[in-house]
Structures are given as structure tokens and as C-alpha cells.
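target24.txt (compact mmCIF, C-alpha atoms (C1' of nucleotides))
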```txt
# COMPACT_ATOMS: atom_id res chain seq x y z
CA MET A 5 -10.76 53.18 -53.07
CA PHE A 6 -9.49 51.09 -55.94
CA ASP A 7 -10.28 53.48 -58.69
CA GLU A 8 -10.89 52.11 -62.15
CA VAL A 9 -7.81 53.91 -63.36
CA CYS A 10 -5.98 52.60 -60.34
CA PRO A 11 -2.23 52.45 -60.78
CA SER A 12 -2.34 48.82 -59.80
CA GLY A 13 -3.90 48.13 -63.17
CA LEU A 14 -1.00 49.63 -65.03
CA THR A 15 2.03 48.91 -62.93
CA PRO A 16 3.71 45.69 -63.89
CA ILE A 17 3.93 44.54 -60.29
CA ARG A 18 1.44 42.13 -58.85
CA PHE A 19 1.03 40.50 -55.48
CA GLY A 20 -0.65 37.14 -55.73
CA ASP A 21 -3.67 36.94 -57.96
CA LYS A 22 -5.66 39.82 -59.34
CA TRP A 23 -7.32 40.76 -56.07
CA ALA A 24 -4.84 39.62 -53.42
CA GLY A 25 -3.09 42.96 -53.14
CA MET A 26 -6.34 44.85 -52.69
CA ILE A 27 -7.61 42.36 -50.15
CA ILE A 28 -4.48 42.79 -48.08
CA ARG A 29 -4.91 46.54 -48.27
CA CYS A 30 -8.50 46.18 -47.12
CA LEU A 31 -7.39 44.17 -44.12
CA GLU A 32 -4.57 46.52 -43.25
CA SER A 33 -6.70 48.53 -40.86
CA GLY A 34 -8.33 45.57 -39.17
CA PRO A 35 -10.35 42.38 -39.68
CA ARG A 36 -13.18 42.39 -42.17
CA ARG A 37 -16.03 40.07 -42.99
CA PHE A 38 -16.76 38.49 -46.34
CA SER A 39 -19.51 40.87 -47.28
CA GLU A 40 -17.54 43.82 -46.01
CA LEU A 41 -14.77 42.95 -48.42
CA ARG A 42 -17.14 42.79 -51.36
CA ILE A 43 -17.95 46.48 -51.08
CA PRO A 44 -14.56 48.11 -51.64
CA LEU A 45 -13.64 45.39 -54.14
CA ARG A 46 -16.30 46.56 -56.51
CA GLY A 47 -17.38 43.93 -58.93
CA ILE A 48 -15.65 40.97 -57.40
CA THR A 49 -17.83 37.91 -57.61
CA PRO A 50 -18.25 35.73 -54.53
CA LYS A 51 -16.61 32.80 -56.24
CA VAL A 52 -13.45 34.74 -57.02
CA LEU A 53 -13.34 36.33 -53.59
CA THR A 54 -13.67 32.92 -51.99
CA SER A 55 -10.84 31.49 -54.03
CA SER A 56 -8.58 34.48 -53.40
CA LEU A 57 -9.24 34.31 -49.69
CA ARG A 58 -8.51 30.61 -49.68
CA THR A 59 -5.21 31.06 -51.45
CA LEU A 60 -4.21 33.79 -49.02
CA THR A 61 -5.19 31.58 -46.11
CA ARG A 62 -3.29 28.62 -47.50
CA ASP A 63 -0.20 30.80 -47.87
CA GLY A 64 -0.48 31.93 -44.28
CA LEU A 65 -1.08 35.58 -45.11
CA ILE A 66 -4.54 35.84 -43.60
CA THR A 67 -6.63 33.91 -41.11
CA ARG A 68 -10.24 32.85 -41.37
CA THR A 69 -12.06 32.74 -38.05
CA PRO A 70 -15.75 31.87 -37.95
CA GLY A 71 -17.64 33.77 -35.31
CA PRO A 72 -21.14 33.41 -33.91
CA ALA A 73 -23.99 33.23 -36.36
CA GLN A 74 -22.24 32.51 -39.60
CA ARG A 75 -20.14 35.62 -39.34
CA VAL A 76 -16.64 34.99 -40.58
CA GLU A 77 -13.74 37.32 -39.99
CA TYR A 78 -10.68 37.58 -42.14
CA ALA A 79 -7.57 39.18 -40.70
CA LEU A 80 -3.93 39.63 -41.60
CA THR A 81 -1.39 37.33 -40.00
CA PRO A 82 1.98 38.77 -39.01
CA LEU A 83 3.32 37.28 -42.22
CA GLY A 84 0.59 38.97 -44.21
CA ARG A 85 1.23 42.24 -42.48
CA SER A 86 4.94 41.94 -43.22
CA MET A 87 4.04 41.84 -46.88
CA LEU A 88 2.87 45.43 -46.65
CA GLU A 89 6.52 46.39 -46.66
CA PRO A 90 7.35 45.24 -50.21
CA MET A 91 3.89 46.37 -51.26
CA ASN A 92 4.60 49.85 -50.07
CA ALA A 93 7.92 49.80 -51.89
CA ALA A 94 6.09 48.83 -55.05
CA CYS A 95 3.44 51.52 -54.56
CA ALA A 96 6.10 54.13 -53.92
CA TRP A 97 7.89 53.13 -57.08
CA ALA A 98 4.68 53.26 -59.07
CA GLN A 99 3.87 56.71 -57.78
CA ASP A 100 7.36 58.01 -58.40
CA HIS A 101 7.41 56.76 -61.96
CA TRP A 102 3.78 57.09 -62.83
CA GLU A 103 4.37 59.79 -65.41
CA GLU A 104 7.21 57.93 -67.04
CA LEU A 105 5.09 54.82 -67.31
CA LEU A 106 2.27 56.74 -68.91
CA ASP A 107 4.62 58.48 -71.31
CA ALA A 108 6.21 55.22 -72.38
CA ARG A 109 2.82 53.68 -73.00
CA GLU A 110 1.57 56.63 -74.98
CA SER A 111 4.64 57.19 -77.10
CA SER A 112 4.55 53.58 -78.23
CA THR A 113 1.01 53.76 -79.51
CA MET B 16 20.79 31.16 -61.92
CA PHE B 17 17.05 30.80 -61.87
CA ASP B 18 16.89 27.48 -60.19
CA GLU B 19 13.90 25.30 -60.76
CA VAL B 20 13.02 25.60 -57.13
CA CYS B 21 13.60 29.33 -57.41
CA PRO B 22 11.75 31.35 -54.81
CA SER B 23 10.24 33.40 -57.59
CA GLY B 24 8.07 30.42 -58.37
CA LEU B 25 6.61 30.33 -54.90
CA THR B 26 6.51 33.92 -53.78
CA PRO B 27 3.23 35.58 -54.56
CA ILE B 28 4.95 38.61 -56.04
CA ARG B 29 5.40 39.02 -59.74
CA PHE B 30 6.89 41.72 -61.91
CA GLY B 31 5.32 41.88 -65.31
CA ASP B 32 4.78 38.61 -67.07
CA LYS B 33 6.31 35.28 -66.18
CA TRP B 34 9.82 36.15 -67.38
CA ALA B 35 10.02 39.92 -67.01
CA GLY B 36 11.58 39.85 -63.57
CA MET B 37 14.28 37.41 -64.64
CA ILE B 38 15.01 39.38 -67.80
CA ILE B 39 15.53 42.52 -65.76
CA ARG B 40 17.83 40.63 -63.44
CA CYS B 41 19.79 39.38 -66.44
CA LEU B 42 20.23 42.91 -67.71
CA GLU B 43 21.19 44.27 -64.32
CA SER B 44 24.90 43.82 -64.95
CA GLY B 45 24.88 45.19 -68.47
CA PRO B 46 23.35 44.87 -71.95
CA ARG B 47 22.71 41.43 -73.36
CA ARG B 48 21.78 40.09 -76.75
CA PHE B 49 18.77 37.98 -77.62
CA SER B 50 20.63 34.71 -77.70
CA GLU B 51 22.58 35.58 -74.59
CA LEU B 52 19.32 35.96 -72.73
CA ARG B 53 18.09 32.57 -73.84
CA ILE B 54 20.84 30.80 -71.94
CA PRO B 55 20.15 31.84 -68.33
CA LEU B 56 16.40 31.78 -69.00
CA ARG B 57 16.47 28.05 -69.54
CA GLY B 58 13.60 26.82 -71.55
CA ILE B 59 12.20 30.09 -72.73
CA THR B 60 11.06 29.85 -76.31
CA PRO B 61 11.98 32.57 -78.78
CA LYS B 62 8.36 33.56 -79.23
CA VAL B 63 7.82 34.15 -75.55
CA LEU B 64 11.13 35.93 -75.14
CA THR B 65 10.27 38.20 -78.05
CA SER B 66 6.91 39.09 -76.61
CA SER B 67 8.32 39.71 -73.14
CA LEU B 68 11.04 41.92 -74.53
CA ARG B 69 8.51 43.86 -76.56
CA THR B 70 6.30 44.45 -73.55
CA LEU B 71 9.26 45.64 -71.53
CA THR B 72 10.32 47.92 -74.36
CA ARG B 73 6.82 49.31 -74.74
CA ASP B 74 6.74 50.06 -71.04
CA GLY B 75 10.04 51.90 -71.24
CA LEU B 76 11.89 49.51 -68.98
CA ILE B 77 14.44 48.32 -71.53
CA THR B 78 15.79 49.56 -74.85
CA ARG B 79 16.32 47.59 -78.02
CA THR B 80 19.26 48.80 -80.08
CA PRO B 81 20.20 46.98 -83.26
CA GLY B 82 23.94 46.88 -83.88
CA PRO B 83 25.99 45.83 -86.87
CA ALA B 84 25.18 42.50 -88.43
CA GLN B 85 21.84 41.68 -86.95
CA ARG B 86 23.19 41.88 -83.46
CA VAL B 87 20.62 43.42 -81.18
CA GLU B 88 21.35 44.64 -77.72
CA TYR B 89 18.84 44.92 -74.93
CA ALA B 90 19.64 47.16 -71.99
CA LEU B 91 17.90 48.57 -68.96
CA THR B 92 16.66 52.12 -69.12
CA PRO B 93 16.96 54.30 -66.00
CA LEU B 94 13.30 53.50 -65.40
CA GLY B 95 14.00 49.81 -65.71
CA ARG B 96 16.95 50.09 -63.41
CA SER B 97 14.83 51.96 -60.87
CA MET B 98 12.57 48.94 -60.76
CA LEU B 99 15.36 46.95 -59.18
CA GLU B 100 14.59 48.77 -55.98
CA PRO B 101 11.10 47.33 -55.40
CA MET B 102 12.35 44.04 -56.80
CA ASN B 103 15.05 43.90 -54.19
CA ALA B 104 12.50 44.72 -51.52
CA ALA B 105 10.40 41.81 -52.75
CA CYS B 106 13.37 39.46 -52.87
CA ALA B 107 14.43 40.47 -49.39
CA TRP B 108 10.93 39.83 -48.11
CA ALA B 109 10.83 36.45 -49.83
CA GLN B 110 14.16 35.45 -48.33
CA ASP B 111 13.23 36.63 -44.87
CA HIS B 112 9.96 34.74 -44.88
CA TRP B 113 10.92 31.79 -47.01
CA GLU B 114 10.54 29.31 -44.19
CA GLU B 115 7.22 30.67 -43.10
CA LEU B 116 5.91 30.44 -46.65
CA LEU B 117 7.03 26.85 -46.96
CA ASP B 118 5.55 25.94 -43.60
CA ALA B 119 2.21 27.50 -44.46
CA ARG B 120 2.11 25.64 -47.76
CA GLU B 121 3.01 22.33 -46.18
CA SER B 122 0.72 22.51 -43.20
CA SER B 123 -2.24 23.14 -45.48
CA THR B 124 -1.67 20.02 -47.56
C1' DG C 13 27.84 29.74 -103.03
C1' DC C 14 26.54 27.60 -99.12
C1' DA C 15 26.53 26.38 -94.01
C1' DG C 16 25.53 28.17 -89.84
C1' DG C 17 24.24 31.55 -86.45
C1' DT C 18 21.17 35.51 -85.19
C1' DG C 19 16.83 37.38 -84.26
C1' DG C 20 13.07 36.57 -84.98
C1' DT C 21 7.70 35.07 -87.12
C1' DT C 22 3.60 32.10 -87.81
C1' DA C 23 0.15 28.81 -86.69
C1' DC C 24 -1.76 26.11 -83.52
C1' DC C 25 -3.10 24.62 -78.90
C1' DA C 26 -3.67 23.49 -73.74
C1' DC C 27 -4.35 25.41 -69.56
C1' DC C 28 -5.54 28.68 -66.15
C1' DT C 29 -7.65 32.92 -64.50
C1' DG C 30 -11.34 35.43 -63.88
C1' DG C 31 -16.18 36.49 -64.65
C1' DA C 32 -21.62 35.69 -65.10
C1' DT C 33 -25.41 33.67 -63.27
C1' DA C 34 -27.98 30.96 -60.49
C1' DC C 35 -28.59 28.53 -56.50
C1' DC C 36 -28.22 26.93 -51.43
C1' DG C 37 -28.03 25.71 -46.28
C1' DG C 38 -27.90 27.86 -41.82
C1' DC C 39 -29.17 31.36 -38.72
C1' DT C 40 -31.88 35.27 -37.00
C1' DA C 41 -35.72 38.61 -36.61
C1' DC C 42 -40.20 39.26 -36.82
C1' DG D 15 -42.74 29.81 -40.02
C1' DT D 16 -41.11 32.47 -43.15
C1' DA D 17 -38.39 36.42 -45.03
C1' DG D 18 -34.00 37.83 -45.46
C1' DC D 19 -29.12 38.12 -44.73
C1' DC D 20 -24.60 35.67 -44.64
C1' DG D 21 -21.11 33.05 -46.60
C1' DG D 22 -20.58 30.72 -49.67
C1' DT D 23 -21.25 26.59 -54.29
C1' DA D 24 -22.19 24.89 -58.96
C1' DT D 25 -21.96 25.40 -63.61
C1' DC D 26 -20.58 27.35 -67.57
C1' DC D 27 -17.73 30.18 -70.47
C1' DA D 28 -14.49 33.84 -72.72
C1' DG D 29 -10.01 35.54 -73.00
C1' DG D 30 -5.27 35.64 -72.11
C1' DT D 31 -0.80 33.40 -71.14
C1' DG D 32 2.54 30.42 -72.12
C1' DG D 33 4.23 26.48 -74.85
C1' DT D 34 5.46 23.54 -79.36
C1' DA D 35 7.07 23.18 -83.71
C1' DA D 36 8.19 24.76 -87.90
C1' DC D 37 9.80 28.21 -90.74
C1' DC D 38 12.46 32.48 -92.40
C1' DA D 39 15.35 36.63 -93.97
C1' DC D 40 19.67 38.36 -93.26
C1' DC D 41 24.51 38.43 -92.54
C1' DT D 42 29.14 36.27 -91.89
C1' DG D 43 32.89 32.92 -92.67
C1' DC D 44 34.86 29.64 -95.35
```

What do you get writing this file as C-alpha cells?
Amino acid sequence: MFDEVCPSGLTPIRFGDKWAGMIIRCLESGPRRFSELRIPLRGITPKVLTSSLRTLTRDGLITRTPGPAQRVEYALTPLGRSMLEPMNAACAWAQDHWEELLDARESST
Amino acid sequence: MFDEVCPSGLTPIRFGDKWAGMIIRCLESGPRRFSELRIPLRGITPKVLTSSLRTLTRDGLITRTPGPAQRVEYALTPLGRSMLEPMNAACAWAQDHWEELLDARESST
DNA sequence: GCAGGTGGTTACCACCTGGATACCGGCTAC
DNA sequence: GTAGCCGGTATCCAGGTGGTAACCACCTGC
């Protein structure tokens, strides 16, 4: 997940800050905890993850619900989940035109 | 066009750099020249416009064709035009959820 | 030949994003 | 009671993005 040559690094479409899109993807299949998110998001530092999560919370895309024993769960809100729609459109576009994008980049070297 | 309270300033979705999305929108209805683009993109400085246009050209989204007497025309490529699809999806999402976004922002003040 | 428009370029700079590293308070298990 | 995990903070810093202001070569019209 989230390869280093991930299309999301090349495609000129971004959702929120650098990590927001990936975070939403991570939460797509259910709530996750802070330290669970750190694993797929290889290399993210706690500070940056915290700030991304806060922005997403402020914008009403995810919820932060503390559980017992400082476990904290992050989950998509309906609004956040609705954002998967344009995200999927963007991903589909990127996949469809992946080759063209690469060609354009290469031929302009 | 491109109001100061334009949704694109609030929505967490961006296409390319700060101006790329608007440039593509400007070219949607046909080729435009450098100085024609400066008008709808109020406040853009020539330097920034140049760099945005170059990035878009490098990525194969627009073409730059010099005409007679240093007139230069910028136009969407098929690839660039195809990007209108995910852009429209994003715009539709933003419009549909505009109120929710505003509410979330306000209630977290 | 010179004024003005066109399509830039150059130099400089402020701000913001994201990253590195270290640290920390609360809770639980042993 | 102390070791260790969890969910963060605090501090500092490099690089990139976008902006300001000034300048410029080229062509056209008068």
C-alpha cells in the first residue's frame, strides 16, 4: 500500500494536504487507531499525522473518539466517505492516463 | 469568474499548483493567449503564470503554440481536456457538500 | 524612430509545509 | 513500582511555493 512510485506522487491531483488522501483511504474499510495509521503511512512522523488528522477533523471528514485506556479511534464521517467519490474519479483518471503522463514527463526531459 | 470566496479556496481538493485548475477552466472554451489569461486570473503575476503554464505544458495538459508577432496561444490537449472529468466530479462534490463544509469549519472555531 | 503592447525573465523574499529528533504524561501488565 | 505502549508535544530546520518589483527583447502602429 502506498508504493514509493505511487501514482499519487505524480498525478497533479491532491486531496487536502500531503497525507489526507491516504488517510481517508486507510479509513475506508473501518476505523483505525493512531498507531495503526502510522504503519501503512510509512515514514509519517507523529507530528504530521496529528496535524493532518486535526485538519480532517476540523473539516468534518473524520471523527476522533477516545476510547478506554488512551485508545483513540479515527473514523470517516458520512461527509468524509462521500469524498471517496471524487477521489475514485481522480484515481480512475490517473490510471487511465498513466502512460500519457509518464510519456509527457519523459519527452520533456 | 473565480470569486474571492470561490469554493476552490475552501475545498480540500487541488489540481496541480495553485492556479492550474483555474487555467484549465479558462482554456475549456478554447485557446487563450498569455495576456488573456491574466484577466480572469485576477492578481496572478506573470512569473507565476509562466511557471504554471510551463508545468502544465511539461505534463502534457496544454500546448504552447507561438503565432505571428509574438502572439502565443495556449490550448488544452486531449489529455488536459480529459482532466475536466475528475475536475467536474470534484466541483460537483464541493457544491453538494458546500454547506456541510462551512458548518464544520464554523463549528470548530 | 519611438511609444506601447506582448510574453516573458531576474532577483529577492516571506511564508507555509513537511520532516527530524527528542521528549512526555497517562495507563496497563507484570 | 516500574517497564513499556499509546497518543501525542516541543523544538528546530530545510525546501518549496507564491508574491513583489523591476527589467527586457521583440514586434507593430503611427

Select, as a short mmCIF file (atom, residue, chain, number, x, y, z; two decimals) with C-alpha atoms (C1' of nucleotides), in the coordinates of the input, those residues of chain D with any atom no more than 10 Å from chain B (distances computed using all atoms listed in the file).
```
data_model
loop_
_atom_site.label_atom_id
_atom_site.label_comp_id
_atom_site.auth_asym_id
_atom_site.auth_seq_id
_atom_site.Cartn_x
_atom_site.Cartn_y
_atom_site.Cartn_z
"C1'" DT D 31 -0.80 33.40 -71.14
"C1'" DG D 32 2.54 30.42 -72.12
"C1'" DG D 33 4.23 26.48 -74.85
"C1'" DT D 34 5.46 23.54 -79.36
"C1'" DC D 40 19.67 38.36 -93.26
"C1'" DC D 41 24.51 38.43 -92.54
"C1'" DT D 42 29.14 36.27 -91.89
#
```

Excluding Thr59 of chain A and any residue of its chain fewer than 4 positions from it, enumerate the residues within 10 Å of it, using all atoms listed in the file, and give them as an NGL selection string.
(:A and (20-21 or 24 or 53-55 or 63-66)) or (:B and (120))

Excluding segment 89-94 of chain B and residues on its chain fewer than 6 positions from it, collect all residues at most 8 Å away from it, counting only C-alpha atoms (C1' of nucleotides), and give them as a list in words.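 These residues fall inside the cut-off: His101 and Glu104 of chain A; Ile39, Leu42, Glu43, Gly45, Pro46, Arg47, Arg48, Phe49, Gly75, Leu76, Ile77, Thr78, Arg79 and Thr80 of chain B.
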
Task: chain B contacts to chain A at 7 Å (only C-alpha atoms) as a list in words - done: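 So the residues of chain B near chain A are Pro27, Ile28, Arg29, Phe30, Gly31, Arg73, Asp74, Gly75, Pro101, Ala104, Ala105, Trp108, Leu116, Ala119, Arg120 and Ser123 of chain B.
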
Report task. Would you kindly report the residues of chain C within 9 Å of chain B, using all atoms listed in the file, as a PyMOL selection string? Result -> chain C and resi 18-21

re atom CA of Leu57 of chain A and atom C1' of DA26 of chain C: distance 27.0 Å

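Interatomic distance, atom CA of Leu41 of chain A to atom CA of Ser56 of chain A: 11.6 Å.
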